[in-house]
Every structure is written in structure tokens, then in C-alpha cells.
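This report refers to the structure that appears directly beneath it.
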Amino acid sequence: MTSQKHKPIRKAVFPVAGLGTRFLPATKAIPKELLPVVDRPLIQYAVDEAREAGIEQLIFVTGRGKTAIVEHFDTAYELETTLQERGKSLDVLEPTRVLPGNLVTVRQQVPMGLGHAIWCARAIVGEEPFAIFLPDELMIGTPGCMKQMVDAYNQVGGNLISVLEVPREDVSSYGVIAPGAKAGDGLTEVTGLVEKPPVEQAPSNLILSGRYILQPEVMRVLENQEKGAGGEIQLTDAMAQMIGEQAFHAVTFAGKRYDCGSKTGFIEATLALALEREDMGAEVREIAKRLLGS
Ligand code: G1P
């Protein structure tokens with residue numbers, strides 16, 4: 001059995017302190033992570049993906065105005081009582097339930113970058129390997145992206161990041177890997193990492209797609225991490241320092257990724273997921289055809 005070799009991944013950090021300025025005015029009073037793709041808030045997809053991968057503890061790195069995310073995962077007595085009185089099923093609320101104690105929040109008081117946000121969770125993460133989910137990246141697959149990564153982790157241990165290919169001209173918006181030797185199906189060693197490189201300096205067109213399994217040592221590296229791209233403390237820079245010290249692999253996600261950090265990506269996700277739904281797919285297809293005039 002390979003699955004016992006490495007410490008299990010039981011905790012996941014969700015950096016959700018961002019202001020969501022690209023979606024203003026929608027995100028003035030509502031956290032971006034609660035914007036719905038069809039009928040589920042974005043954060044719910046990430047949490048569902050985490051649970052499928054066996055993660056128990058959810059750690060939200062939040063900021064001012066983000067408490068509604070925590071409310072979403074709380075029991076809503078009035079709502080539930082009303083639904084029950086009306087003879088309605090509560091099944092729809094099932095994904096929002098969390099075992100007592102399994103949701104923890106920490107605050108990132110000042111937006112200093114992704115690396116800093118992750119570092120804010122250090123006391124809760126402790127000395128265990130942990131997962132990170134960037135909820136803007138909506139990953140749809142069977143199994144889900146993190147489950148694919150945990151399966152790979154059970155083989156190789158160490159640190160893993162999910163990657164995907166983008167057109168070369170787009171690499172400077174992302175973290176980019178220098179790929180090394182193939183280590184298995186969809187698994188590659190990582191020999192270098194660079195955050196938002198100029199196109200001509202990018203080591204590949206394989207970008208970090210918002211899912212990580214990291215060893216707790218990264219917190220020590222982040223502690224002393226200097227500012228990087230965009231004047232922010234970058235997680236990518238801290239990870240780059242761990243290459244050579246610890247195993248580092250990239251998992252090419254077999255599935256579909258939607259960039260819900262952009263408006264068009266958000267619309268694409270909504271349309272794609274609606275088209276796949278049994279209860280509305282056919283109707284949405286008709287609507288789309290009508291709108292396209294064909
Ligand atoms: C972050 C990471 C970057 C990654 C990207 C994925 O960048 O720093 O490495 O490729 O998420 O969406 P951000 O989009 O926060 O600038």
C-alpha cells in the first residue's frame with residue numbers, strides 16, 4: 001500500500017480576502033466568492049472539490065466584508081424551520097454543512113499578496129502538509145482536480161501543484177513552471193517556478209492553476225519572503241526556494257478549468273455548467289441558439 005507512506009492531507013486553505021474589484025459593483029456588498037455559477041456560489045465548488053479529496057478542515061483567510069462566506073457554511077435555523085414547515089426538502093443545503101470545529105477563519109488585515117495570505121494561516125496549518133484552493137479557478141473533472149492531486153501525492157509525497165497549458169502569449173498573467181522529467185501519467189517533476197514572467201523569459205507555457213499540496217516548511221520560507229511580482233509576497237517565489245530541498249511535482253489536471261476571476265470566464269463557466277445540467281440543459285441550449293440566431 002502506498003497510501004500510508006505520506007501524511008494525509010486533512011486541511012485546506014482558501015484565500016478569500018480579495019476585494020473582487022473586477023466584478024464591481026456586484027462585489028461591493030457581496031464577496032466575489034459568493035457569486036453564483038448557476039445556483040452554487042463559487043466557494044461551494046472549491047469546498048466540494050476539497051471534500052471529495054478527503055479534506056476535513058476548511059481554513060478561510062478572510063478580510064473585512066467577507067463574513068457572508070462563513071454564514072454560507074453555517075446552520076440557518078430560520079430558513080430550515082421555514083422550509084420544513086412548508087414540507088420542502090433540506091437536501092439542497094447539505095453541501096453547506098460543516099462539522100462543528102471544521103471551519104476556521106483567520107484574517108489577512110492588509111492585502112500583501114497570495115504568499116502573505118497563506119502565511120496568515122500558519123498557526124492553524126501547524127506541522128501538517130496542506131492543500132490550497134484559489135476559488136477563482138473553477139476546476140471541473142471526474143475525479144476533481146484535488147482528488148487527482150491527492151492520488152498523485154499518495155505515490156510521490158512532497159509538494160504538488162496543478163498545471164495546465166495556455167497559449168504562450170498569456171503566460172505573464174500566471175505562475176509558470178520549468179518542467180523536468182516525466183514522473184508518471186500526467187505527473188512531471190518541477191525544476192523551477194517563476195511568477196508572472198515576461199513572455200520571452202517564461203520557462204514553458206505550463207501555468208499554475210490554483211491548486212497546491214504543500215509541506216508545512218513553506219510557512220517558514222514565507223516568513224522571510226521578500227516582495228516579488230507586483231510588489232506582493234508571492235507564494236510562487238516561496239515554493240521556488242523549496243525546489244531541490246523537497247520533492248516537487250506538477251499534475252496536469254485532466255478536466256476543464258474556468259477562470260472565474262474574469263467576467264468572460266465566469267460567463268463561460270455559467271453557460272457550460274448550465275448546459276450540462278439535466279434539469280435545464282435542453283432549455284439553456286434552446287436559449288443559446290435563439291440568442292445566437294441559428
Ligand atoms: C495567482 C498565482 C499564480 C497563479 C494564478 C492562477 O495569481 O500567484 O501563480 O497562476 O493565481 O489563477 P493571481 O491570479 O492571484 O494574480
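Going through the C-alpha cells in order, the chains are called A, B, and so on, while each chain numbers its residues from 1 and the ligands are numbered from 1 in the order shown.
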
Residues within 6 Å of ligand 1, counting only C-alpha atoms and all ligand atoms, as a PDB file with all heavy atoms, in the first residue's frame:
```
ATOM      1  N   GLU A 137     -10.423  29.855  -9.617  1.00  0.00           N
ATOM      2  CA  GLU A 137     -10.172  28.822 -10.623  1.00  0.00           C
ATOM      3  C   GLU A 137     -11.179  27.710 -10.380  1.00  0.00           C
ATOM      4  O   GLU A 137     -11.085  26.977  -9.401  1.00  0.00           O
ATOM      5  CB  GLU A 137      -8.736  28.284 -10.492  1.00  0.00           C
ATOM      6  CG  GLU A 137      -7.671  29.326 -10.710  1.00  0.00           C
ATOM      7  CD  GLU A 137      -7.462  29.646 -12.190  1.00  0.00           C
ATOM      8  OE1 GLU A 137      -8.042  28.959 -13.058  1.00  0.00           O
ATOM      9  OE2 GLU A 137      -6.707  30.602 -12.475  1.00  0.00           O
ATOM     10  N   TYR A 174       0.421  34.603 -15.037  1.00  0.00           N
ATOM     11  CA  TYR A 174       0.371  33.440 -14.140  1.00  0.00           C
ATOM     12  C   TYR A 174       1.740  33.106 -13.563  1.00  0.00           C
ATOM     13  O   TYR A 174       2.759  33.628 -13.984  1.00  0.00           O
ATOM     14  CB  TYR A 174      -0.123  32.211 -14.920  1.00  0.00           C
ATOM     15  CG  TYR A 174      -1.493  32.363 -15.512  1.00  0.00           C
ATOM     16  CD1 TYR A 174      -1.660  32.680 -16.866  1.00  0.00           C
ATOM     17  CD2 TYR A 174      -2.628  32.184 -14.730  1.00  0.00           C
ATOM     18  CE1 TYR A 174      -2.926  32.815 -17.413  1.00  0.00           C
ATOM     19  CE2 TYR A 174      -3.893  32.318 -15.275  1.00  0.00           C
ATOM     20  CZ  TYR A 174      -4.041  32.629 -16.614  1.00  0.00           C
ATOM     21  OH  TYR A 174      -5.286  32.762 -17.147  1.00  0.00           O
ATOM     22  N   GLY A 175       1.712  32.120 -12.634  1.00  0.00           N
ATOM     23  CA  GLY A 175       2.936  31.450 -12.236  1.00  0.00           C
ATOM     24  C   GLY A 175       3.233  30.394 -13.289  1.00  0.00           C
ATOM     25  O   GLY A 175       2.321  29.734 -13.775  1.00  0.00           O
ATOM     26  N   GLU A 195       6.958  33.616 -11.086  1.00  0.00           N
ATOM     27  CA  GLU A 195       5.655  34.286 -11.056  1.00  0.00           C
ATOM     28  C   GLU A 195       5.601  35.397 -12.108  1.00  0.00           C
ATOM     29  O   GLU A 195       6.455  36.274 -12.140  1.00  0.00           O
ATOM     30  CB  GLU A 195       5.393  34.863  -9.654  1.00  0.00           C
ATOM     31  CG  GLU A 195       4.053  35.549  -9.477  1.00  0.00           C
ATOM     32  CD  GLU A 195       2.843  34.620  -9.513  1.00  0.00           C
ATOM     33  OE1 GLU A 195       3.022  33.391  -9.433  1.00  0.00           O
ATOM     34  OE2 GLU A 195       1.716  35.132  -9.627  1.00  0.00           O
ATOM     35  N   ILE A 207       1.139  26.659 -16.729  1.00  0.00           N
ATOM     36  CA  ILE A 207       0.900  27.633 -15.656  1.00  0.00           C
ATOM     37  C   ILE A 207       0.308  26.972 -14.406  1.00  0.00           C
ATOM     38  O   ILE A 207      -0.336  25.927 -14.474  1.00  0.00           O
ATOM     39  CB  ILE A 207      -0.041  28.759 -16.133  1.00  0.00           C
ATOM     40  CG1 ILE A 207      -1.419  28.187 -16.536  1.00  0.00           C
ATOM     41  CG2 ILE A 207       0.586  29.545 -17.258  1.00  0.00           C
ATOM     42  CD1 ILE A 207      -2.574  28.941 -16.005  1.00  0.00           C
ATOM     43  N   LEU A 208       0.518  27.617 -13.281  1.00  0.00           N
ATOM     44  CA  LEU A 208      -0.074  27.185 -12.019  1.00  0.00           C
ATOM     45  C   LEU A 208      -1.560  27.516 -12.073  1.00  0.00           C
ATOM     46  O   LEU A 208      -1.939  28.652 -12.353  1.00  0.00           O
ATOM     47  CB  LEU A 208       0.551  27.944 -10.839  1.00  0.00           C
ATOM     48  CG  LEU A 208       2.060  27.863 -10.675  1.00  0.00           C
ATOM     49  CD1 LEU A 208       2.473  28.543  -9.377  1.00  0.00           C
ATOM     50  CD2 LEU A 208       2.507  26.424 -10.664  1.00  0.00           C
ATOM     51  N   SER A 209      -2.386  26.520 -11.789  1.00  0.00           N
ATOM     52  CA  SER A 209      -3.823  26.731 -11.975  1.00  0.00           C
ATOM     53  C   SER A 209      -4.608  26.716 -10.665  1.00  0.00           C
ATOM     54  O   SER A 209      -5.769  26.338 -10.638  1.00  0.00           O
ATOM     55  CB  SER A 209      -4.371  25.697 -12.947  1.00  0.00           C
ATOM     56  OG  SER A 209      -4.241  24.417 -12.386  1.00  0.00           O
ATOM     57  N   GLY A 210      -3.946  27.133  -9.586  1.00  0.00           N
ATOM     58  CA  GLY A 210      -4.727  27.421  -8.379  1.00  0.00           C
ATOM     59  C   GLY A 210      -5.003  26.272  -7.430  1.00  0.00           C
ATOM     60  O   GLY A 210      -5.856  26.390  -6.561  1.00  0.00           O
ATOM     61  N   THR A 236       4.497  31.670  -5.169  1.00  0.00           N
ATOM     62  CA  THR A 236       5.358  31.036  -6.182  1.00  0.00           C
ATOM     63  C   THR A 236       6.836  31.188  -5.818  1.00  0.00           C
ATOM     64  O   THR A 236       7.609  30.242  -5.947  1.00  0.00           O
ATOM     65  CB  THR A 236       5.081  31.663  -7.567  1.00  0.00           C
ATOM     66  OG1 THR A 236       3.678  31.548  -7.825  1.00  0.00           O
ATOM     67  CG2 THR A 236       5.854  30.957  -8.670  1.00  0.00           C
TER      68      THR A 236
END
```

For segment 32-37 of chain A, work out the shell of residues within 7 Å, counting only C-alpha atoms and skipping chain neighbours fewer than 4 positions away, then give it as number ranges by chain.
-> A: 20, 27, 41-43, 69, 135, 269-270

Arg51 of chain A proximity check over A:Ala229, A:Val284, A:Val38, A:Val98, using only C-alpha atoms: winner is A:Val98

Backbone DSSP call of strand (DSSP E or B) for segment 36-232 of chain A, listed as a VMD selection string = chain A and resid 36 to 37 40 to 41 57 to 62 103 to 107 130 to 133 137 to 140 159 to 165 175 to 184 187 to 195 206 to 214

Residues flagged alpha helix (DSSP H) by DSSP in segment 50-204 of chain A, as a count of residues only = 40

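Atom CA of Arg168 of chain A is found 10.9 Å from atom CA of Gln201 of chain A.
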